[in-house]
file structure20.csv (CSV, C-alpha atoms and all ligand atoms)
chain,number,residue,atom,x,y,z
A,120,MET,CA,-143.7,141.6,55.9
A,121,ILE,CA,-141.1,143.4,53.9
A,122,ARG,CA,-137.8,144.1,55.7
A,123,ARG,CA,-135.7,146.8,54.2
A,124,LYS,CA,-132.0,146.0,54.2
A,125,ASN,CA,-129.2,148.2,55.5
A,126,ILE,CA,-131.4,150.6,57.4
A,127,LEU,CA,-130.5,152.2,60.8
A,128,LYS,CA,-132.8,151.1,63.5
A,129,ILE,CA,-132.9,152.8,66.9
A,130,ALA,CA,-134.9,151.3,69.8
A,131,ILE,CA,-135.7,153.4,72.9
A,132,ASP,CA,-137.5,152.4,76.1
A,133,SER,CA,-138.3,154.7,78.9
A,134,PRO,CA,-140.8,155.3,81.7
A,135,ALA,CA,-143.4,158.0,81.3
A,136,ALA,CA,-142.3,161.6,80.8
A,137,ALA,CA,-138.5,160.9,80.8
A,138,GLY,CA,-138.0,163.0,77.7
A,139,ALA,CA,-137.6,160.1,75.3
A,140,GLY,CA,-140.1,161.4,72.8
A,141,THR,CA,-138.4,164.8,72.5
A,142,LEU,CA,-135.0,163.1,72.2
A,143,ALA,CA,-136.2,160.5,69.7
A,144,LYS,CA,-137.7,163.2,67.5
A,145,ALA,CA,-134.5,165.2,67.5
A,146,ILE,CA,-132.4,162.1,66.7
A,147,SER,CA,-134.8,161.0,64.0
A,148,LYS,CA,-134.7,164.4,62.3
A,149,HIS,CA,-130.9,164.5,62.5
A,150,TYR,CA,-130.4,161.0,60.9
A,151,ASN,CA,-133.4,161.1,58.7
A,152,LEU,CA,-135.2,158.3,60.4
A,153,PHE,CA,-138.9,157.5,60.5
A,154,TYR,CA,-140.1,158.2,64.0
A,155,LEU,CA,-142.9,156.3,65.8
A,156,ASP,CA,-144.0,157.1,69.4
A,157,THR,CA,-145.5,153.7,70.1
A,158,GLY,CA,-147.2,155.0,73.3
A,159,LYS,CA,-149.5,157.0,71.1
A,160,ILE,CA,-151.0,153.7,69.7
A,161,TYR,CA,-151.9,152.6,73.2
A,162,ARG,CA,-153.2,156.0,73.9
A,163,PHE,CA,-155.3,155.9,70.7
A,164,ILE,CA,-156.9,152.6,71.8
A,165,ALA,CA,-157.4,154.0,75.4
A,166,TYR,CA,-159.2,156.9,73.8
A,167,LEU,CA,-161.5,154.6,71.9
A,168,LYS,CA,-162.3,152.9,75.1
A,169,ILE,CA,-163.2,156.1,76.8
A,170,LYS,CA,-165.2,157.4,73.9
A,171,PHE,CA,-167.0,154.2,72.9
A,172,PRO,CA,-167.2,152.2,76.1
A,173,LYS,CA,-170.1,150.1,74.8
A,174,LYS,CA,-168.6,149.2,71.5
A,175,PHE,CA,-165.1,148.5,72.9
A,176,ASN,CA,-164.0,145.0,72.1
A,177,ASN,CA,-161.2,143.2,70.2
A,178,LYS,CA,-163.1,143.3,66.9
A,179,PHE,CA,-163.7,147.0,67.2
A,180,VAL,CA,-160.1,147.8,68.1
A,181,LYS,CA,-158.9,145.6,65.2
A,182,SER,CA,-161.0,147.4,62.7
A,183,LYS,CA,-159.6,150.8,63.9
A,184,ILE,CA,-156.0,149.6,64.0
A,185,LYS,CA,-156.3,148.4,60.4
A,186,TYR,CA,-156.8,151.9,59.0
A,187,LEU,CA,-154.7,153.7,61.6
A,188,LYS,CA,-152.6,156.5,60.1
A,189,ILE,CA,-149.7,158.4,61.7
A,190,LYS,CA,-151.9,161.5,61.4
A,191,ASP,CA,-154.5,159.9,63.8
A,192,LEU,CA,-151.7,159.7,66.4
A,193,THR,CA,-150.9,163.4,66.5
A,194,LYS,CA,-154.3,164.5,67.8
A,195,SER,CA,-154.0,166.5,71.1
A,196,ASN,CA,-156.9,164.6,72.7
A,197,LEU,CA,-154.5,161.7,73.1
A,198,LEU,CA,-152.2,163.7,75.4
A,199,SER,CA,-154.4,164.0,78.5
A,200,ASP,CA,-153.5,162.4,81.8
A,201,GLU,CA,-156.8,160.4,81.7
A,202,VAL,CA,-155.9,158.8,78.4
A,203,GLY,CA,-152.4,158.1,79.6
A,204,THR,CA,-153.6,156.3,82.7
A,205,GLU,CA,-156.2,154.3,80.6
A,206,ALA,CA,-153.4,153.4,78.1
A,207,SER,CA,-151.4,151.8,80.9
A,208,ILE,CA,-154.4,149.7,81.8
A,209,ILE,CA,-155.4,148.5,78.3
A,210,SER,CA,-151.7,147.9,77.4
A,211,LYS,CA,-151.7,145.0,79.9
A,212,ILE,CA,-154.1,143.1,77.6
A,213,LYS,CA,-152.4,140.4,75.5
A,214,SER,CA,-154.8,140.5,72.6
A,215,ILE,CA,-154.3,144.3,72.3
A,216,ARG,CA,-150.6,144.1,72.4
A,217,LYS,CA,-150.7,141.5,69.7
A,218,MET,CA,-152.7,143.8,67.4
A,219,VAL,CA,-150.3,146.6,68.0
A,220,HIS,CA,-147.3,144.4,67.4
A,221,SER,CA,-147.5,144.0,63.6
A,222,PHE,CA,-148.3,147.7,63.2
A,223,GLN,CA,-145.1,148.6,64.9
A,224,LEU,CA,-143.0,145.9,63.1
A,225,ASN,CA,-144.0,147.3,59.8
A,226,PHE,CA,-142.9,150.8,60.7
A,227,ALA,CA,-139.6,149.6,62.3
A,228,TYR,CA,-138.5,147.3,59.4
A,229,ASN,CA,-140.2,148.9,56.4
A,230,PRO,CA,-140.1,152.6,56.9
A,231,PRO,CA,-141.1,154.8,54.0
A,232,LYS,CA,-138.4,154.9,51.3
A,233,LYS,CA,-137.4,158.5,51.9
A,234,TYR,CA,-136.1,157.6,55.4
A,235,LYS,CA,-132.7,156.0,56.1
A,236,GLY,CA,-134.2,153.9,58.9
A,237,SER,CA,-136.5,154.0,61.9
A,238,CYS,CA,-136.6,155.1,65.5
A,239,LEU,CA,-139.3,153.8,67.9
A,240,ASP,CA,-139.8,154.6,71.5
A,241,GLY,CA,-142.0,152.8,74.0
A,242,ARG,CA,-141.7,150.2,76.8
A,243,ASP,CA,-140.8,147.0,75.0
A,244,ILE,CA,-139.1,148.2,71.9
A,245,THR,CA,-135.5,147.1,72.7
A,246,TYR,CA,-136.4,143.5,73.4
A,247,ASN,CA,-139.7,142.8,71.8
A,248,ILE,CA,-140.2,145.0,68.7
A,249,ILE,CA,-136.7,145.6,67.4
A,250,PRO,CA,-134.4,143.2,69.3
A,251,ASP,CA,-131.8,143.6,66.5
A,252,ALA,CA,-131.7,147.4,66.6
A,253,GLU,CA,-128.3,148.9,65.8
A,254,PHE,CA,-128.7,151.2,68.8
A,255,LYS,CA,-130.7,150.7,72.0
A,256,PHE,CA,-131.2,153.2,74.7
A,257,TYR,CA,-133.0,153.2,78.1
A,258,ILE,CA,-133.9,156.8,78.9
A,259,THR,CA,-134.9,157.7,82.4
A,260,ALA,CA,-135.0,160.5,85.0
A,261,ASN,CA,-136.1,160.7,88.6
A,262,VAL,CA,-139.9,160.6,89.2
A,263,LYS,CA,-140.2,164.2,90.5
A,264,THR,CA,-138.4,165.6,87.5
A,265,ARG,CA,-140.6,163.6,85.2
A,266,ALA,CA,-143.7,164.7,86.9
A,267,LEU,CA,-142.7,168.4,86.7
A,268,ARG,CA,-141.9,168.1,83.0
A,269,ARG,CA,-145.3,166.4,82.3
A,270,TYR,CA,-147.1,169.0,84.5
A,271,LYS,CA,-145.6,171.9,82.5
A,272,GLU,CA,-146.5,170.1,79.3
A,273,LEU,CA,-150.1,169.6,80.3
A,274,LYS,CA,-150.3,173.2,81.6
A,275,GLY,CA,-149.0,174.4,78.2
A,276,LEU,CA,-152.0,172.5,76.7
A,277,LYS,CA,-154.3,174.3,79.2
A,278,LYS,CA,-155.3,171.1,81.0
A,279,GLU,CA,-156.7,171.5,84.5
A,280,ILE,CA,-154.4,169.5,86.7
A,281,THR,CA,-152.1,170.0,89.7
A,282,TYR,CA,-148.5,168.9,90.1
A,283,GLN,CA,-149.5,166.5,92.9
A,284,GLU,CA,-152.0,164.8,90.6
A,285,VAL,CA,-149.5,164.4,87.9
A,286,LEU,CA,-146.9,162.9,90.3
A,287,LYS,CA,-149.4,160.5,91.6
A,288,SER,CA,-150.5,159.3,88.1
A,289,ILE,CA,-146.9,159.0,86.9
A,290,LYS,CA,-146.1,156.8,89.9
A,291,LYS,CA,-149.2,154.7,89.2
A,292,ARG,CA,-148.2,154.3,85.6
A,293,ASP,CA,-144.6,153.3,86.5
A,294,LYS,CA,-146.0,150.6,88.8
A,295,ASN,CA,-148.3,149.3,86.0
A,296,ASP,CA,-145.7,149.4,83.3
A,297,LEU,CA,-142.8,147.9,85.4
A,298,ASN,CA,-144.8,145.1,87.0
A,299,ARG,CA,-147.2,143.8,84.3
A,300,LYS,CA,-146.7,140.3,83.2
A,301,ILE,CA,-146.6,140.9,79.4
A,302,SER,CA,-143.9,143.0,78.0
A,303,PRO,CA,-143.1,145.1,81.1
A,304,LEU,CA,-140.8,148.1,80.9
A,305,LYS,CA,-137.3,147.0,81.6
A,306,LYS,CA,-133.7,148.0,80.8
A,307,THR,CA,-132.1,145.3,78.7
A,308,LYS,CA,-128.4,144.6,79.3
A,309,ASP,CA,-127.6,145.7,75.8
A,310,SER,CA,-129.3,149.1,76.2
A,311,LEU,CA,-127.3,152.2,77.1
A,312,LEU,CA,-128.7,154.1,80.1
A,313,ILE,CA,-129.2,157.8,79.7
A,314,ASN,CA,-130.4,159.6,82.8
A,315,THR,CA,-131.9,163.0,81.8
A,316,THR,CA,-132.5,164.3,85.3
A,317,ASN,CA,-129.8,166.9,85.2
A,318,LEU,CA,-129.4,167.2,81.4
A,319,ASN,CA,-131.2,169.6,79.2
A,320,LYS,CA,-132.6,168.6,75.8
A,321,ARG,CA,-129.5,169.7,73.8
A,322,ALA,CA,-127.1,167.9,76.2
A,323,CYS,CA,-129.1,164.7,75.9
A,324,PHE,CA,-129.2,165.0,72.1
A,325,LEU,CA,-125.4,165.5,71.9
A,326,LYS,CA,-124.7,162.6,74.2
A,327,ILE,CA,-126.7,160.2,72.1
A,328,LYS,CA,-125.4,161.7,68.8
A,329,LYS,CA,-121.8,161.1,70.0
A,330,ILE,CA,-122.6,157.5,70.8
A,331,ILE,CA,-124.2,156.9,67.3
A,332,ASP,CA,-121.5,158.8,65.4
A,333,ARG,CA,-118.7,156.9,67.0
A,334,LYS,CA,-120.1,153.7,65.7
A,335,ILE,CA,-121.5,154.6,62.3
A,336,ASN,CA,-118.3,156.5,61.3
A,337,ILE,CA,-116.1,153.5,61.6
B,1,LIG,O1,-145.3,156.7,76.2
B,1,LIG,P1,-146.7,157.0,76.8
B,1,LIG,O2,-146.7,157.6,78.1
B,1,LIG,O3,-147.5,157.8,75.8
B,1,LIG,O4,-147.5,155.6,76.8
B,1,LIG,C1,-148.7,155.4,77.4
B,1,LIG,C2,-148.8,154.0,77.9
B,1,LIG,O5,-148.8,153.1,76.9
B,1,LIG,C3,-147.7,153.6,78.8
B,1,LIG,O6,-147.9,153.9,80.2
B,1,LIG,C4,-147.7,152.1,78.7
B,1,LIG,O7,-148.5,151.4,79.6
B,1,LIG,C5,-148.2,151.9,77.3
B,1,LIG,N1,-147.1,151.5,76.3
B,1,LIG,C6,-146.7,150.2,76.3
B,1,LIG,N2,-145.8,149.8,75.4
B,1,LIG,C7,-145.2,150.7,74.6
B,1,LIG,C8,-145.5,152.0,74.6
B,1,LIG,C9,-146.5,152.4,75.6
B,1,LIG,O8,-147.3,149.3,77.0
B,1,LIG,N3,-144.3,150.2,73.7

call {"tool": "encode", "arguments": {"input": "structure20.csv", "output": "structure tokens"}}
result
Amino acid sequence: MIRRKNILKIAIDSPAAAGAGTLAKAISKHYNLFYLDTGKIYRFIAYLKIKFPKKFNNKFVKSKIKYLKIKDLTKSNLLSDEVGTEASIISKIKSIRKMVHSFQLNFAYNPPKKYKGSCLDGRDITYNIIPDAEFKFYITANVKTRALRRYKELKGLKKEITYQEVLKSIKKRDKNDLNRKISPLKKTKDSLLINTTNLNKRACFLKIKKIIDRKINI
């Protein structure tokens, strides 16, 4: 694998619906970094499982991952709660994580030339995918706030779901992601904690920008 030198790498881990994606996108745009929402890869695989239950096996997933394009990860059918829940189930499988691993490494260490670096968000980015990232953040918010944000997002997409259902599924997902044996969600010691419960998007962005600028301007 090619590793580009002197690039800026930002690693973000967070529980579901903490606002990490929105923040990561804003940060990536500001610093001209290549952004990858790694949860979308697991969602893509979960979607394959729901759509092709009979064909679903390692070989099938491998063949799909091989030709996976960023464009495939932007489809709105990956955003449903059903796909999210299924993603947190298939993401426990070792062979699946292994297949996704090299795909992520390539984007983290060899982003397209027009970018100054990369920014990835997920559950195991800070300690498994980019352990040597220049910046590491753990972004979180209390579970009710996260559920409300996700509920509004799903409503905006015209999905049929209640707040209580969203809350329940986020709690289930937290449990799955925090307690699984392989690559669980955790805050590493060297990650900076950002709690977005009482911060709006702009305030979160400025907080992170300040931390980054302080270091890269030296
Ligand atoms: O971030 P998002 O909610 O889209 O992720 C969907 C699911 O994918 C998570 O609940 C988690 O189980 C899994 N995931 C993971 N490792 C990552 C990113 C996501 O296991 N790096």

call {"tool": "residues_around", "arguments": {"input": "structure20.csv", "residues": "Ser237 of chain A", "least_positions_apart": "3", "cutoff": "10 Å", "atoms": "only C-alpha atoms", "output": "JSON, numbers by chain"}}
result
{"A": [126, 127, 128, 129, 130, 147, 150, 151, 152, 153, 154, 155, 226, 227, 228, 229, 230, 231, 234, 252]}

call {"tool": "write_last_selection", "arguments": {"input": "structure20.csv", "atoms": "C-alpha atoms", "output": "PDB file, in the coordinates of the input"}}
result
ATOM      1  CA  ILE A 126    -131.400 150.600  57.400  1.00  0.00           C
ATOM      2  CA  LEU A 127    -130.500 152.200  60.800  1.00  0.00           C
ATOM      3  CA  LYS A 128    -132.800 151.100  63.500  1.00  0.00           C
ATOM      4  CA  ILE A 129    -132.900 152.800  66.900  1.00  0.00           C
ATOM      5  CA  ALA A 130    -134.900 151.300  69.800  1.00  0.00           C
ATOM      6  CA  SER A 147    -134.800 161.000  64.000  1.00  0.00           C
ATOM      7  CA  TYR A 150    -130.400 161.000  60.900  1.00  0.00           C
ATOM      8  CA  ASN A 151    -133.400 161.100  58.700  1.00  0.00           C
ATOM      9  CA  LEU A 152    -135.200 158.300  60.400  1.00  0.00           C
ATOM     10  CA  PHE A 153    -138.900 157.500  60.500  1.00  0.00           C
ATOM     11  CA  TYR A 154    -140.100 158.200  64.000  1.00  0.00           C
ATOM     12  CA  LEU A 155    -142.900 156.300  65.800  1.00  0.00           C
ATOM     13  CA  PHE A 226    -142.900 150.800  60.700  1.00  0.00           C
ATOM     14  CA  ALA A 227    -139.600 149.600  62.300  1.00  0.00           C
ATOM     15  CA  TYR A 228    -138.500 147.300  59.400  1.00  0.00           C
ATOM     16  CA  ASN A 229    -140.200 148.900  56.400  1.00  0.00           C
ATOM     17  CA  PRO A 230    -140.100 152.600  56.900  1.00  0.00           C
ATOM     18  CA  PRO A 231    -141.100 154.800  54.000  1.00  0.00           C
ATOM     19  CA  TYR A 234    -136.100 157.600  55.400  1.00  0.00           C
ATOM     20  CA  ALA A 252    -131.700 147.400  66.600  1.00  0.00           C
TER      21      ALA A 252
END

call {"tool": "closest_atom_pairs", "arguments": {"input": "structure20.csv", "of": "chain A", "to": "ligand LIG 1 (chain B)", "cutoff": "6 Å", "atoms": "all atoms listed in the file", "output": "CSV"}}
result
residue,atom,partner,partner_atom,distance
A:Ala135,CA,B:LIG1,O2,4.6
A:Thr157,CA,B:LIG1,C8,4.8
A:Gly158,CA,B:LIG1,C9,3.5
A:Lys159,CA,B:LIG1,O3,5.2
A:Tyr161,CA,B:LIG1,O5,4.9
A:Arg162,CA,B:LIG1,C1,5.7
A:Gly203,CA,B:LIG1,C1,5.1
A:Ala206,CA,B:LIG1,C2,4.6
A:Ser207,CA,B:LIG1,O7,3.2
A:Ser210,CA,B:LIG1,O8,4.6
A:Gly241,CA,B:LIG1,N3,3.5
A:Arg242,CA,B:LIG1,N3,4.0
A:Asp243,CA,B:LIG1,N3,4.9
A:Ile244,CA,B:LIG1,N3,5.9
A:Arg292,CA,B:LIG1,O6,5.4
A:Asp296,CA,B:LIG1,O7,5.1

call {"tool": "residues_around", "arguments": {"input": "structure20.csv", "residues": "Leu312 of chain A", "least_positions_apart": "6", "cutoff": "12 Å", "atoms": "all atoms listed in the file", "output": "list of chain:residue names"}}
result
A:Ile131, A:Asp132, A:Ser133, A:Ala137, A:Ala139, A:Phe254, A:Lys255, A:Phe256, A:Tyr257, A:Ile258, A:Thr259, A:Ala260, A:Lys305, A:Lys306, A:Cys323, A:Lys326, A:Ile327, A:Ile330

call {"tool": "atom_distance", "arguments": {"input": "structure20.csv", "atom1": "atom CA of Ile248 of chain A", "atom2": "atom CA of Tyr186 of chain A"}}
result
20.4 Å

call {"tool": "atom_distance", "arguments": {"input": "structure20.csv", "atom1": "atom CA of Gly138 of chain A", "atom2": "atom CA of Arg123 of chain A"}}
result
28.6 Å

call {"tool": "atom_distance", "arguments": {"input": "structure20.csv", "atom1": "atom CA of Lys217 of chain A", "atom2": "atom CA of Asn125 of chain A"}}
result
26.6 Å

call {"tool": "residues_near_point", "arguments": {"input": "structure20.csv", "point": "(-153.5, 163.0, 73.9)", "cutoff": "12 Å", "atoms": "all atoms listed in the file", "output": "number ranges by chain"}}
result
A: 158-167, 191-206, 272-273, 276, 278

call {"tool": "decode", "arguments": {"input": "structure20.csv", "residues": "segment 209-221 of chain A", "atoms": "all heavy atoms", "output": "compact mmCIF listing (two decimals), in the first residue's frame"}}
result
# COMPACT_ATOMS: atom_id res chain seq x y z
N ILE A 209 -23.63 -6.95 11.64
CA ILE A 209 -22.60 -7.53 10.76
C ILE A 209 -21.19 -7.01 11.09
O ILE A 209 -20.20 -7.66 10.79
CB ILE A 209 -22.91 -7.35 9.24
CG1 ILE A 209 -23.06 -5.88 8.86
CG2 ILE A 209 -24.13 -8.13 8.80
CD1 ILE A 209 -21.86 -5.25 8.31
N SER A 210 -21.13 -5.84 11.74
CA SER A 210 -19.81 -5.27 12.05
C SER A 210 -19.10 -6.02 13.17
O SER A 210 -17.95 -5.75 13.48
CB SER A 210 -19.93 -3.79 12.41
OG SER A 210 -20.62 -3.65 13.62
N LYS A 211 -19.80 -6.98 13.77
CA LYS A 211 -19.16 -7.80 14.82
C LYS A 211 -18.36 -8.94 14.21
O LYS A 211 -17.59 -9.61 14.88
CB LYS A 211 -20.24 -8.43 15.72
CG LYS A 211 -20.98 -7.47 16.58
CD LYS A 211 -21.98 -8.27 17.41
CE LYS A 211 -22.97 -7.36 18.07
NZ LYS A 211 -24.07 -8.10 18.69
N ILE A 212 -18.60 -9.20 12.92
CA ILE A 212 -17.99 -10.35 12.27
C ILE A 212 -16.55 -10.05 11.84
O ILE A 212 -16.29 -9.09 11.10
CB ILE A 212 -18.83 -10.80 11.05
CG1 ILE A 212 -20.28 -11.05 11.48
CG2 ILE A 212 -18.24 -12.03 10.39
CD1 ILE A 212 -21.27 -11.18 10.33
N LYS A 213 -15.63 -10.87 12.33
CA LYS A 213 -14.20 -10.65 12.11
C LYS A 213 -13.83 -10.57 10.62
O LYS A 213 -13.12 -9.66 10.19
CB LYS A 213 -13.42 -11.78 12.77
CG LYS A 213 -11.99 -11.46 13.04
CD LYS A 213 -11.37 -12.59 13.84
CE LYS A 213 -9.89 -12.32 14.04
NZ LYS A 213 -9.28 -13.38 14.83
N SER A 214 -14.34 -11.53 9.84
CA SER A 214 -13.97 -11.57 8.42
C SER A 214 -14.46 -10.32 7.68
O SER A 214 -13.81 -9.82 6.76
CB SER A 214 -14.51 -12.84 7.76
OG SER A 214 -15.91 -12.90 7.95
N ILE A 215 -15.60 -9.81 8.10
CA ILE A 215 -16.14 -8.59 7.47
C ILE A 215 -15.24 -7.41 7.82
O ILE A 215 -14.85 -6.62 6.96
CB ILE A 215 -17.60 -8.35 7.90
CG1 ILE A 215 -18.45 -9.48 7.38
CG2 ILE A 215 -18.08 -6.94 7.51
CD1 ILE A 215 -19.74 -9.19 6.74
N ARG A 216 -14.88 -7.29 9.08
CA ARG A 216 -14.02 -6.17 9.49
C ARG A 216 -12.69 -6.21 8.75
O ARG A 216 -12.13 -5.19 8.38
CB ARG A 216 -13.76 -6.18 11.00
CG ARG A 216 -15.00 -5.98 11.84
CD ARG A 216 -14.67 -5.45 13.22
NE ARG A 216 -14.36 -4.03 13.19
CZ ARG A 216 -15.25 -3.05 13.24
NH1 ARG A 216 -16.54 -3.33 13.32
NH2 ARG A 216 -14.89 -1.79 13.19
N LYS A 217 -12.19 -7.41 8.53
CA LYS A 217 -10.91 -7.57 7.83
C LYS A 217 -11.01 -7.04 6.40
O LYS A 217 -10.14 -6.33 5.92
CB LYS A 217 -10.54 -9.06 7.81
CG LYS A 217 -9.09 -9.29 8.19
CD LYS A 217 -8.83 -10.74 8.36
CE LYS A 217 -7.56 -11.12 7.61
NZ LYS A 217 -7.40 -12.57 7.58
N MET A 218 -12.12 -7.35 5.74
CA MET A 218 -12.30 -6.90 4.35
C MET A 218 -12.38 -5.38 4.27
O MET A 218 -11.88 -4.77 3.34
CB MET A 218 -13.60 -7.48 3.78
CG MET A 218 -13.52 -8.94 3.46
SD MET A 218 -15.07 -9.40 2.68
CE MET A 218 -15.66 -10.63 3.78
N VAL A 219 -13.03 -4.81 5.26
CA VAL A 219 -13.24 -3.36 5.26
C VAL A 219 -11.96 -2.62 5.64
O VAL A 219 -11.73 -1.49 5.23
CB VAL A 219 -14.40 -3.03 6.25
CG1 VAL A 219 -14.58 -1.56 6.41
CG2 VAL A 219 -15.69 -3.67 5.75
N HIS A 220 -11.12 -3.31 6.41
CA HIS A 220 -9.89 -2.70 6.93
C HIS A 220 -9.00 -2.10 5.83
O HIS A 220 -8.66 -0.92 5.88
CB HIS A 220 -9.12 -3.76 7.71
CG HIS A 220 -8.06 -3.19 8.60
ND1 HIS A 220 -8.25 -3.03 9.94
CD2 HIS A 220 -6.83 -2.73 8.33
CE1 HIS A 220 -7.17 -2.49 10.46
NE2 HIS A 220 -6.29 -2.29 9.52
N SER A 221 -8.65 -2.89 4.83
CA SER A 221 -7.70 -2.39 3.83
C SER A 221 -8.31 -1.27 2.99
O SER A 221 -7.62 -0.35 2.57
CB SER A 221 -7.20 -3.53 2.94
OG SER A 221 -8.29 -4.21 2.43
